[in-house]
file entry_27.txt (compact mmCIF, C-alpha atoms and all ligand atoms)
# COMPACT_ATOMS: atom_id res chain seq x y z
CA MET A 7 -18.71 -0.66 -4.27
CA ILE A 8 -19.39 2.63 -2.53
CA VAL A 9 -22.70 3.94 -1.28
CA VAL A 10 -22.63 7.73 -1.21
CA MET A 11 -25.15 9.06 1.32
CA GLN A 12 -26.88 12.40 0.81
CA PRO A 13 -25.58 15.32 2.87
CA GLY A 14 -27.52 15.32 6.13
CA SER A 15 -28.62 11.68 5.90
CA SER A 16 -29.57 10.34 9.32
CA ARG A 17 -27.76 7.82 11.50
CA ALA A 18 -30.75 5.48 11.13
CA GLN A 19 -30.51 5.65 7.32
CA ILE A 20 -26.79 4.88 7.45
CA ASP A 21 -27.38 2.01 9.87
CA ALA A 22 -30.06 0.57 7.60
CA VAL A 23 -27.62 0.38 4.66
CA VAL A 24 -24.85 -1.05 6.86
CA GLY A 25 -27.28 -3.61 8.30
CA ARG A 26 -28.34 -4.81 4.85
CA VAL A 27 -24.73 -5.06 3.70
CA GLN A 28 -23.82 -7.14 6.75
CA GLU A 29 -26.85 -9.39 6.33
CA LEU A 30 -25.47 -10.27 2.92
CA GLY A 31 -22.23 -11.41 4.53
CA LEU A 32 -20.30 -8.38 3.27
CA GLU A 33 -18.30 -5.77 5.14
CA ALA A 34 -19.21 -2.10 5.43
CA HIS A 35 -16.48 0.51 6.08
CA LEU A 36 -17.70 3.97 6.95
CA SER A 37 -15.94 7.13 5.94
CA THR A 38 -17.58 10.07 7.67
CA GLY A 39 -16.64 13.34 6.03
CA GLU A 40 -17.66 16.86 6.98
CA GLU A 41 -20.38 16.88 4.31
CA ARG A 42 -21.42 13.33 3.76
CA THR A 43 -20.86 9.72 4.71
CA ILE A 44 -19.56 7.14 2.28
CA ILE A 45 -20.10 3.46 2.96
CA GLY A 46 -17.51 1.22 1.34
CA VAL A 47 -18.72 -2.30 0.65
CA VAL A 48 -16.24 -5.14 0.29
CA GLY A 49 -16.47 -8.91 0.31
CA THR A 50 -14.18 -11.83 -0.22
CA THR A 51 -16.47 -13.20 -2.92
CA PRO A 52 -17.75 -11.22 -5.93
CA LEU A 53 -20.46 -8.75 -4.94
CA PRO A 54 -24.02 -9.77 -5.92
CA PRO A 55 -24.73 -8.43 -9.44
CA THR A 56 -27.86 -6.54 -8.37
CA LEU A 57 -26.44 -5.08 -5.17
CA ASP A 58 -26.27 -1.52 -6.54
CA GLU A 59 -29.96 -1.59 -7.50
CA MET A 60 -30.85 -3.02 -4.10
CA LEU A 61 -29.02 -0.30 -2.14
CA GLU A 62 -29.90 2.63 -4.40
CA VAL A 63 -33.48 2.68 -3.12
CA PHE A 64 -32.58 2.92 0.58
CA GLY A 65 -33.54 6.19 2.27
CA GLY A 66 -30.78 8.80 2.27
CA VAL A 67 -28.73 7.15 -0.50
CA GLU A 68 -27.52 9.55 -3.17
CA GLN A 69 -25.74 7.10 -5.45
CA VAL A 70 -24.11 3.69 -5.57
CA LEU A 71 -20.89 3.26 -7.54
CA ARG A 72 -18.90 0.17 -8.40
CA VAL A 73 -15.17 0.54 -7.75
CA THR A 74 -13.14 -1.53 -10.15
CA LYS A 75 -9.71 -0.89 -8.63
CA LYS A 76 -8.24 -3.85 -6.74
CA TYR A 77 -7.37 -1.74 -3.74
CA LYS A 78 -10.44 -0.20 -2.19
CA LEU A 79 -10.07 0.99 1.39
CA SER A 80 -6.76 2.72 0.64
CA GLY A 81 -8.11 4.52 -2.44
CA TRP A 82 -9.79 7.91 -2.66
CA ASP A 83 -13.15 6.50 -3.82
CA PHE A 84 -13.81 4.91 -0.47
CA HIS A 85 -12.34 7.78 1.53
CA PRO A 86 -12.39 11.16 -0.21
CA GLU A 87 -10.60 13.01 2.58
CA LYS A 88 -6.93 12.71 3.39
CA THR A 89 -6.27 10.51 6.41
CA ARG A 90 -4.91 12.42 9.37
CA ILE A 91 -3.38 10.29 12.09
CA PRO A 92 -3.18 11.72 15.61
CA VAL A 93 -0.02 10.74 17.51
CA LEU A 94 0.47 12.22 20.99
CA ASP A 95 -0.03 15.98 20.47
CA PHE A 96 0.52 16.18 16.70
CA VAL A 97 -0.88 14.84 13.48
CA ILE A 98 0.64 12.76 10.68
CA GLY A 99 -0.86 13.53 7.28
CA GLY A 100 -1.73 17.09 8.24
CA ASP A 101 -0.19 20.35 7.10
CA GLU A 102 3.22 19.77 8.62
CA VAL A 103 6.10 17.50 7.66
CA VAL A 104 6.87 15.19 10.60
CA VAL A 105 10.41 13.97 11.21
CA ILE A 106 11.25 10.57 12.69
CA ALA A 107 14.88 10.14 13.69
CA GLY A 108 16.98 7.75 15.72
CA PRO A 109 19.32 4.83 15.49
CA CYS A 110 18.81 1.86 13.24
CA SER A 111 19.03 -0.41 16.29
CA VAL A 112 18.62 0.21 19.98
CA GLU A 113 22.07 -0.78 21.23
CA SER A 114 22.18 0.55 24.79
CA GLU A 115 20.36 2.89 27.14
CA GLU A 116 23.10 5.49 26.82
CA GLN A 117 23.17 5.42 23.01
CA THR A 118 19.38 5.63 22.73
CA ILE A 119 18.76 8.37 25.31
CA ARG A 120 21.60 10.50 23.98
CA THR A 121 20.21 10.15 20.47
CA ALA A 122 16.66 10.88 21.63
CA ARG A 123 17.80 14.09 23.33
CA ALA A 124 19.80 15.20 20.30
CA VAL A 125 17.10 14.56 17.71
CA ARG A 126 14.48 16.16 19.94
CA ALA A 127 16.61 19.27 20.33
CA ALA A 128 16.92 19.45 16.54
CA GLY A 129 13.13 19.22 16.10
CA ALA A 130 12.27 15.55 15.52
CA ARG A 131 9.01 14.43 17.16
CA ILE A 132 9.28 10.66 16.82
CA LEU A 133 12.16 8.43 17.93
CA ARG A 134 12.93 5.37 15.86
CA GLY A 135 14.99 2.40 17.00
CA GLY A 136 14.79 -1.30 16.27
CA ALA A 137 14.63 -3.83 19.10
CA TYR A 138 13.78 -6.66 16.72
CA LYS A 139 15.99 -6.33 13.66
CA PRO A 140 15.42 -8.21 10.43
CA ARG A 141 18.98 -8.76 9.22
CA THR A 142 19.92 -10.17 5.86
CA SER A 143 22.52 -12.34 7.57
CA PRO A 144 21.69 -14.29 10.76
CA TYR A 145 25.25 -13.62 11.97
CA GLU A 146 24.66 -9.88 12.33
CA PHE A 147 23.27 -8.01 15.34
CA ARG A 148 19.57 -8.80 15.51
CA GLY A 149 18.49 -6.41 18.24
CA LEU A 150 18.13 -6.41 22.02
CA GLY A 151 14.53 -7.67 21.96
CA LYS A 152 12.48 -6.89 25.05
CA SER A 153 15.21 -4.98 26.82
CA GLY A 154 15.44 -2.75 23.74
CA LEU A 155 11.76 -1.97 24.13
CA GLU A 156 12.33 -1.00 27.79
CA ILE A 157 15.05 1.39 26.68
CA LEU A 158 12.69 2.98 24.17
CA ALA A 159 10.10 3.41 26.92
CA ASN A 160 12.67 5.21 29.06
CA ALA A 161 13.61 7.46 26.15
CA ARG A 162 9.94 8.27 25.63
CA ALA A 163 9.45 9.12 29.30
CA GLU A 164 12.54 11.25 29.33
CA THR A 165 11.98 13.22 26.12
CA GLY A 166 8.25 13.08 25.34
CA LEU A 167 9.05 11.81 21.84
CA ALA A 168 6.66 9.33 20.30
CA ILE A 169 8.15 5.91 19.52
CA ILE A 170 8.20 3.84 16.35
CA THR A 171 9.73 0.38 16.40
CA GLU A 172 9.62 -2.64 14.15
CA VAL A 173 7.58 -5.74 14.85
CA MET A 174 8.54 -8.87 12.94
CA THR A 175 6.11 -11.58 13.97
CA PRO A 176 2.42 -11.76 14.87
CA ALA A 177 3.39 -13.27 18.24
CA ASP A 178 5.32 -10.11 19.19
CA VAL A 179 2.54 -7.65 18.36
CA ALA A 180 0.85 -7.80 21.78
CA HIS A 181 3.91 -6.88 23.81
CA VAL A 182 5.42 -4.42 21.31
CA TYR A 183 2.02 -2.69 21.54
CA ASP A 184 2.79 -1.73 25.15
CA TYR A 185 5.92 0.21 24.14
CA THR A 186 5.28 1.75 20.76
CA ASP A 187 3.12 4.54 19.40
CA ILE A 188 3.50 3.34 15.81
CA PHE A 189 4.23 -0.18 14.57
CA GLN A 190 6.91 -0.34 11.88
CA ILE A 191 6.54 -3.11 9.33
CA GLY A 192 9.85 -3.54 7.55
CA ALA A 193 10.52 -3.94 3.85
CA ARG A 194 11.17 -7.65 4.31
CA ASN A 195 7.84 -8.21 6.02
CA CYS A 196 5.50 -5.94 4.14
CA GLN A 197 3.77 -8.83 2.45
CA ASN A 198 3.59 -10.95 5.58
CA TYR A 199 -0.17 -10.92 5.56
CA ASN A 200 -0.69 -12.59 8.94
CA LEU A 201 1.48 -9.92 10.52
CA LEU A 202 -0.40 -7.16 8.71
CA GLU A 203 -3.70 -8.48 10.00
CA GLU A 204 -2.35 -8.75 13.53
CA VAL A 205 -1.14 -5.12 13.63
CA GLY A 206 -4.42 -4.18 11.99
CA ARG A 207 -6.31 -5.76 14.89
CA ALA A 208 -3.99 -4.17 17.45
CA GLY A 209 -5.31 -0.79 16.42
CA LYS A 210 -2.27 1.50 16.71
CA PRO A 211 -0.91 3.34 13.64
CA VAL A 212 1.17 1.20 11.29
CA MET A 213 4.04 2.38 9.09
CA LEU A 214 4.30 0.10 6.09
CA LYS A 215 7.67 0.22 4.41
CA ARG A 216 7.82 -0.58 0.73
CA GLY A 217 9.18 -3.99 -0.13
CA MET A 218 12.42 -4.13 -2.08
CA SER A 219 10.73 -5.18 -5.31
CA MET A 220 7.22 -4.11 -4.60
CA MET A 221 4.99 -2.46 -7.14
CA ILE A 222 2.89 0.41 -5.86
CA GLU A 223 -0.35 -1.46 -6.41
CA GLU A 224 0.97 -4.36 -4.30
CA TRP A 225 1.87 -1.85 -1.60
CA LEU A 226 -1.65 -0.43 -1.57
CA LEU A 227 -3.01 -3.97 -1.38
CA ALA A 228 -0.74 -4.72 1.59
CA ALA A 229 -2.18 -1.65 3.33
CA GLU A 230 -5.59 -3.06 2.58
CA TYR A 231 -4.90 -5.98 4.95
CA VAL A 232 -4.42 -3.55 7.84
CA LEU A 233 -7.34 -1.32 6.90
CA ALA A 234 -9.66 -4.30 6.55
CA GLN A 235 -9.18 -4.96 10.28
CA ASN A 236 -10.83 -1.59 10.92
CA ASN A 237 -7.51 0.07 11.60
CA PRO A 238 -7.60 3.20 9.43
CA HIS A 239 -4.14 4.46 10.40
CA VAL A 240 -1.61 3.25 7.84
CA ILE A 241 1.41 5.33 6.79
CA PHE A 242 3.43 4.36 3.73
CA CYS A 243 7.22 4.73 3.74
CA GLU A 244 9.27 4.76 0.54
CA ARG A 245 12.73 3.40 1.42
CA GLY A 246 14.15 2.70 -2.00
CA ILE A 247 13.71 -0.27 -4.28
CA ARG A 248 16.15 -2.73 -5.79
CA THR A 249 17.37 -1.93 -9.28
CA PHE A 250 20.51 -2.64 -11.33
CA GLU A 251 22.22 0.42 -9.80
CA THR A 252 24.81 -0.26 -7.10
CA GLN A 253 26.12 3.21 -6.25
CA THR A 254 23.33 3.58 -3.72
CA ARG A 255 22.02 0.82 -1.47
CA ASN A 256 18.60 1.10 -3.08
CA THR A 257 17.13 3.32 -5.77
CA PHE A 258 15.08 6.06 -4.19
CA ASP A 259 11.76 6.04 -6.03
CA ILE A 260 10.86 9.67 -5.51
CA ALA A 261 7.95 9.27 -7.91
CA ALA A 262 6.31 7.01 -5.34
CA VAL A 263 5.41 10.11 -3.33
CA PRO A 264 3.15 11.85 -5.86
CA VAL A 265 1.95 8.53 -7.27
CA VAL A 266 0.82 7.21 -3.88
CA GLN A 267 -0.74 10.57 -3.08
CA LYS A 268 -2.69 10.41 -6.33
CA LEU A 269 -3.97 6.90 -5.59
CA SER A 270 -4.41 6.96 -1.84
CA HIS A 271 -5.63 9.16 1.00
CA LEU A 272 -3.03 7.65 3.35
CA PRO A 273 0.10 9.61 4.34
CA ILE A 274 3.46 8.75 2.79
CA PHE A 275 6.89 9.19 4.38
CA VAL A 276 10.29 8.74 2.84
CA ASP A 277 13.32 7.05 4.38
CA PRO A 278 16.37 8.53 2.66
CA SER A 279 18.74 6.51 4.88
CA HIS A 280 17.88 3.04 3.58
CA ALA A 281 17.55 4.41 0.06
CA ALA A 282 20.98 6.05 0.05
CA GLY A 283 22.91 3.55 2.14
CA LYS A 284 25.73 6.11 2.30
CA ARG A 285 25.82 9.11 4.61
CA PRO A 286 26.64 11.87 2.08
CA PHE A 287 23.55 11.05 0.02
CA VAL A 288 21.07 11.03 2.90
CA GLY A 289 20.66 14.82 3.12
CA PRO A 290 20.01 15.41 -0.60
CA LEU A 291 17.46 12.59 -0.73
CA ALA A 292 15.74 13.90 2.40
CA LEU A 293 15.46 17.35 0.82
CA ALA A 294 14.08 15.77 -2.36
CA GLY A 295 11.46 13.91 -0.32
CA VAL A 296 10.24 17.14 1.23
CA ALA A 297 10.23 18.88 -2.16
CA ALA A 298 8.15 16.04 -3.61
CA GLY A 299 5.53 16.55 -0.92
CA ALA A 300 6.18 13.69 1.51
CA ASP A 301 4.20 13.84 4.74
CA GLY A 302 7.28 13.06 6.73
CA LEU A 303 10.76 11.60 6.86
CA MET A 304 12.48 8.79 8.69
CA ILE A 305 16.21 9.35 9.18
CA GLU A 306 18.80 7.19 10.93
CA VAL A 307 20.93 9.07 13.47
CA HIS A 308 23.62 7.61 15.73
CA PRO A 309 25.99 9.20 18.29
CA ALA A 310 28.98 7.49 16.65
CA PRO A 311 27.92 6.08 13.25
CA ASP A 312 31.25 4.35 12.69
CA GLN A 313 30.63 2.20 15.76
CA ALA A 314 26.97 1.43 15.06
CA LEU A 315 25.94 -2.22 15.26
CA SER A 316 23.77 -1.79 12.16
CA ASP A 317 23.54 0.65 9.26
CA GLY A 318 26.36 2.90 10.46
CA ASN A 319 27.31 3.85 6.89
CA GLN A 320 23.97 5.50 6.32
CA SER A 321 23.49 7.02 9.79
CA LEU A 322 23.98 10.74 10.34
CA ASP A 323 25.80 11.95 13.43
CA PHE A 324 24.18 14.58 15.64
CA ALA A 325 25.86 17.53 13.93
CA GLU A 326 24.84 16.33 10.47
CA PHE A 327 21.25 15.89 11.59
CA GLU A 328 21.17 19.31 13.25
CA ASP A 329 22.52 20.83 10.08
CA LEU A 330 19.92 19.09 7.93
CA MET A 331 16.80 20.11 9.87
CA PRO A 332 16.78 23.83 8.96
CA ARG A 333 17.52 22.94 5.34
CA LEU A 334 14.46 20.68 5.33
CA ALA A 335 12.46 23.64 6.64
CA THR A 336 13.74 25.86 3.82
CA VAL A 337 12.67 23.36 1.16
CA ALA A 338 9.33 22.82 2.90
CA SER A 339 8.59 26.55 2.81
CA ALA A 340 9.54 26.67 -0.88
CA VAL A 341 6.74 24.18 -1.58
CA GLY A 342 4.24 25.87 0.72
CA ARG A 343 4.62 23.60 3.75
CA ASN A 344 6.52 23.56 6.98
CA VAL A 345 8.32 21.07 9.16
CA LEU A 346 6.85 20.32 12.57
CA THR A 347 9.45 21.26 15.14
CA GLY A 348 9.46 22.44 18.73
CA ALA A 349 9.31 20.56 21.96
CA PRO A 350 6.69 17.88 22.57
CA ALA A 351 3.83 19.13 24.77
CA SER A 352 4.25 16.47 27.43
CA VAL A 353 7.77 17.29 28.59
C1 LIG B 401 15.11 -0.12 9.31
O1 LIG B 401 14.28 0.80 9.32
O2 LIG B 401 16.11 -0.15 10.06
C2 LIG B 401 14.95 -1.20 8.32
C3 LIG B 401 15.37 -2.44 8.57
O3 LIG B 401 14.41 -0.77 7.19
P1 LIG B 401 13.83 -1.58 5.92
O4 LIG B 401 12.79 -2.50 6.46
O5 LIG B 401 13.26 -0.48 5.06
O6 LIG B 401 14.99 -2.26 5.28
MN MN B 402 18.39 0.46 9.42
call {"tool": "encode", "arguments": {"input": "entry_27.txt", "output": "structure tokens", "more": "lines below"}}
Ligand code: PEP
Ligand code: MN
result
Amino acid sequence: MIVVMQPGSSRAQIDAVVGRVQELGLEAHLSTGEERTIIGVVGTTPLPPTLDEMLEVFGGVEQVLRVTKKYKLSGWDFHPEKTRIPVLDFVIGGDEVVVIAGPCSVESEEQTIRTARAVRAAGARILRGGAYKPRTSPYEFRGLGKSGLEILANARAETGLAIITEVMTPADVAHVYDYTDIFQIGARNCQNYNLLEEVGRAGKPVMLKRGMSMMIEEWLLAAEYVLAQNNPHVIFCERGIRTFETQTRNTFDIAAVPVVQKLSHLPIFVDPSHAAGKRPFVGPLALAGVAAGADGLMIEVHPAPDQALSDGNQSLDFAEFEDLMPRLATVASAVGRNVLTGAPASV
């Protein structure tokens, strides 16, 4: 249910509605827009049948509406303005397309810093790199763990790039928090609800990759777990889904971009690397993501892809990434947007 307050309603009027909602054992989530405040009401049990009539008569209330969609906090009804997520000196979900680039895995200090410098020079603003790697086989490289996080911290200090790295278990959230600007939740963990609640409580932005066989409604509901912990900063990332097709690693569901944007106020990125699985396809899919209106991209880049410890086949080398960036900008301008580039403010 949403309680739409009149423009100019007072803080005391808003607090009175919130207070009543809480007294009933329900949760109130505020969305404060430029014009008016909307109070989203959710509960784990069905809402009382007369709740709308009860709240309608409170001072400052314009109208009370029942929301029948399963996902609530991630939908436009509860939050009629697009979510903009501040990260260091820029914004995700704003006017500019933000590029995340870096290796699949942090392998060494040298590999990570070299990559950070190269992607920064080409215009990326966020460095990716896994220290905890969810691998399909337990016999593959599973990441450097804590020392990988230290390397990311050094790369951040050296380049001023923001950091995104994956967290796989609730127990790791507290220490990954100290090193990352954005938590990455991987495709294999995106319905690990305890983990989603833990990153929700941690309070930093969360990138939620789409599960391999996940329907969009399930994805929005997964985001709901983070949002319900009063963490409003969730970013979706379409990374391809599993279909019968084997020419690509996954099938890039480009439609997810406009569909998610129709259903949700949260930003959506695309990851052409995990969708393609093969280097020559990464660029075209990245361009398609920008054309479709994605808020950003996540691209795997490695100094020597053939020697990478994970996902080398789909990683671009520095020259390929440098070549791609201006082409992304050309497509962005064709659809009335631009790609955020330029050096980070801090370095
Ligand atoms: C990754 O980003 O390296 C990764 C493991 O991606 P996904 O969770 O989408 O498979
Ligand atoms: Mn990878």
call {"tool": "residues_around", "arguments": {"input": "entry_27.txt", "residues": "range 30-37 of chain A", "least_positions_apart": "2", "cutoff": "7 Å", "atoms": "only C-alpha atoms", "output": "MDAnalysis selection string"}}
result
chainID A and resid 24 26:28 39 43:49 85
call {"tool": "residues_around", "arguments": {"input": "entry_27.txt", "residues": "range 292-305 of chain A", "least_positions_apart": "5", "cutoff": "9 Å", "atoms": "all atoms listed in the file", "output": "short mmCIF file (atom, residue, chain, number, x, y, z; two decimals) with C-alpha atoms, in the coordinates of the input"}}
result
data_model
loop_
_atom_site.label_atom_id
_atom_site.label_comp_id
_atom_site.auth_asym_id
_atom_site.auth_seq_id
_atom_site.Cartn_x
_atom_site.Cartn_y
_atom_site.Cartn_z
CA ILE A 98 0.64 12.76 10.68
CA GLY A 99 -0.86 13.53 7.28
CA GLY A 100 -1.73 17.09 8.24
CA ASP A 101 -0.19 20.35 7.10
CA GLU A 102 3.22 19.77 8.62
CA VAL A 103 6.10 17.50 7.66
CA VAL A 104 6.87 15.19 10.60
CA VAL A 105 10.41 13.97 11.21
CA ILE A 106 11.25 10.57 12.69
CA ALA A 107 14.88 10.14 13.69
CA GLY A 108 16.98 7.75 15.72
CA PRO A 109 19.32 4.83 15.49
CA CYS A 110 18.81 1.86 13.24
CA ILE A 132 9.28 10.66 16.82
CA ARG A 134 12.93 5.37 15.86
CA CYS A 243 7.22 4.73 3.74
CA ILE A 260 10.86 9.67 -5.51
CA ALA A 261 7.95 9.27 -7.91
CA VAL A 263 5.41 10.11 -3.33
CA PRO A 264 3.15 11.85 -5.86
CA GLN A 267 -0.74 10.57 -3.08
CA PRO A 273 0.10 9.61 4.34
CA ILE A 274 3.46 8.75 2.79
CA PHE A 275 6.89 9.19 4.38
CA VAL A 276 10.29 8.74 2.84
CA ASP A 277 13.32 7.05 4.38
CA PRO A 278 16.37 8.53 2.66
CA SER A 279 18.74 6.51 4.88
CA HIS A 280 17.88 3.04 3.58
CA PHE A 287 23.55 11.05 0.02
CA SER A 321 23.49 7.02 9.79
CA LEU A 322 23.98 10.74 10.34
CA PHE A 327 21.25 15.89 11.59
CA LEU A 330 19.92 19.09 7.93
CA ARG A 333 17.52 22.94 5.34
CA LEU A 334 14.46 20.68 5.33
CA ALA A 335 12.46 23.64 6.64
CA VAL A 337 12.67 23.36 1.16
CA ALA A 338 9.33 22.82 2.90
CA ALA A 340 9.54 26.67 -0.88
CA VAL A 341 6.74 24.18 -1.58
CA ARG A 343 4.62 23.60 3.75
CA VAL A 345 8.32 21.07 9.16
#
call {"tool": "closest_residue", "arguments": {"input": "entry_27.txt", "among": "A:Arg148, A:His271, A:Lys139, A:Lys210", "to": "ligand LIG 401 (chain B)", "atoms": "only C-alpha atoms and all ligand atoms"}}
result
A:Lys139
call {"tool": "closest_residue", "arguments": {"input": "entry_27.txt", "among": "A:Pro176, A:Gly318, A:Gly151, A:Gly217", "to": "ligand LIG 401 (chain B)", "atoms": "all atoms listed in the file"}}
result
A:Gly217
call {"tool": "closest_residue", "arguments": {"input": "entry_27.txt", "among": "A:Lys268, A:Arg42, A:Arg141, A:Arg285", "to": "ligand MN 402 (chain B)", "atoms": "all atoms listed in the file"}}
result
A:Arg141
call {"tool": "decode", "arguments": {"input": "entry_27.txt", "residues": "range 77-85 of chain A", "atoms": "all heavy atoms", "output": "CSV table (one decimal), in the first residue's frame"}}
result
chain,number,residue,atom,x,y,z
A,77,TYR,N,6.4,-7.3,-6.0
A,77,TYR,CA,7.5,-6.4,-5.7
A,77,TYR,C,7.0,-5.1,-5.4
A,77,TYR,O,6.0,-4.6,-6.1
A,77,TYR,CB,8.6,-6.4,-6.8
A,77,TYR,CG,8.0,-6.0,-8.1
A,77,TYR,CD1,8.0,-4.7,-8.5
A,77,TYR,CD2,7.5,-7.0,-9.0
A,77,TYR,CE1,7.4,-4.3,-9.7
A,77,TYR,CE2,6.9,-6.6,-10.2
A,77,TYR,CZ,6.9,-5.3,-10.5
A,77,TYR,OH,6.3,-4.9,-11.7
A,78,LYS,N,7.5,-4.4,-4.4
A,78,LYS,CA,6.9,-3.2,-3.9
A,78,LYS,C,8.0,-2.1,-3.9
A,78,LYS,O,7.9,-1.1,-4.6
A,78,LYS,CB,6.3,-3.3,-2.6
A,78,LYS,CG,5.4,-4.5,-2.5
A,78,LYS,CD,4.0,-4.3,-1.9
A,78,LYS,CE,3.2,-5.6,-1.9
A,78,LYS,NZ,2.1,-5.6,-2.7
A,79,LEU,N,9.0,-2.3,-3.1
A,79,LEU,CA,10.0,-1.2,-2.9
A,79,LEU,C,10.8,-1.0,-4.2
A,79,LEU,O,11.3,0.1,-4.4
A,79,LEU,CB,10.9,-1.6,-1.7
A,79,LEU,CG,10.3,-1.9,-0.4
A,79,LEU,CD1,11.3,-2.4,0.6
A,79,LEU,CD2,9.6,-0.7,0.1
A,80,SER,N,10.9,-2.0,-5.0
A,80,SER,CA,11.7,-1.8,-6.2
A,80,SER,C,10.8,-1.2,-7.4
A,80,SER,O,11.3,-0.8,-8.4
A,80,SER,CB,12.3,-3.1,-6.7
A,80,SER,OG,11.4,-4.1,-6.8
A,81,GLY,N,9.5,-1.1,-7.2
A,81,GLY,CA,8.6,-0.7,-8.2
A,81,GLY,C,8.4,0.9,-8.2
A,81,GLY,O,8.6,1.5,-7.2
A,82,TRP,N,7.9,1.4,-9.3
A,82,TRP,CA,7.7,2.8,-9.4
A,82,TRP,C,6.6,3.3,-8.5
A,82,TRP,O,6.6,4.5,-8.1
A,82,TRP,CB,7.3,3.2,-10.9
A,82,TRP,CG,8.4,3.1,-11.8
A,82,TRP,CD1,8.6,2.1,-12.8
A,82,TRP,CD2,9.5,4.0,-12.0
A,82,TRP,NE1,9.8,2.4,-13.5
A,82,TRP,CE2,10.3,3.6,-13.1
A,82,TRP,CE3,9.9,5.2,-11.4
A,82,TRP,CZ2,11.5,4.2,-13.5
A,82,TRP,CZ3,11.0,5.9,-11.8
A,82,TRP,CH2,11.8,5.4,-12.9
A,83,ASP,N,5.6,2.5,-8.1
A,83,ASP,CA,4.5,3.0,-7.3
A,83,ASP,C,5.1,3.6,-5.9
A,83,ASP,O,4.7,4.6,-5.5
A,83,ASP,CB,3.5,1.9,-6.9
A,83,ASP,CG,2.8,1.4,-8.2
A,83,ASP,OD1,2.6,2.2,-9.1
A,83,ASP,OD2,2.4,0.2,-8.2
A,84,PHE,N,6.0,2.8,-5.4
A,84,PHE,CA,6.5,3.2,-4.1
A,84,PHE,C,7.6,4.3,-4.2
A,84,PHE,O,7.9,5.0,-3.2
A,84,PHE,CB,7.2,2.0,-3.4
A,84,PHE,CG,6.3,1.2,-2.5
A,84,PHE,CD1,5.1,0.7,-3.0
A,84,PHE,CD2,6.7,0.9,-1.2
A,84,PHE,CE1,4.3,-0.1,-2.3
A,84,PHE,CE2,5.8,0.1,-0.4
A,84,PHE,CZ,4.7,-0.4,-0.9
A,85,HIS,N,8.1,4.5,-5.4
A,85,HIS,CA,9.3,5.4,-5.5
A,85,HIS,C,9.2,6.0,-6.9
A,85,HIS,O,9.9,5.5,-7.9
A,85,HIS,CB,10.6,4.6,-5.3
A,85,HIS,CG,11.8,5.4,-5.1
A,85,HIS,ND1,12.4,6.1,-6.1
A,85,HIS,CD2,12.5,5.7,-4.0
A,85,HIS,CE1,13.4,6.7,-5.6
A,85,HIS,NE2,13.5,6.5,-4.3
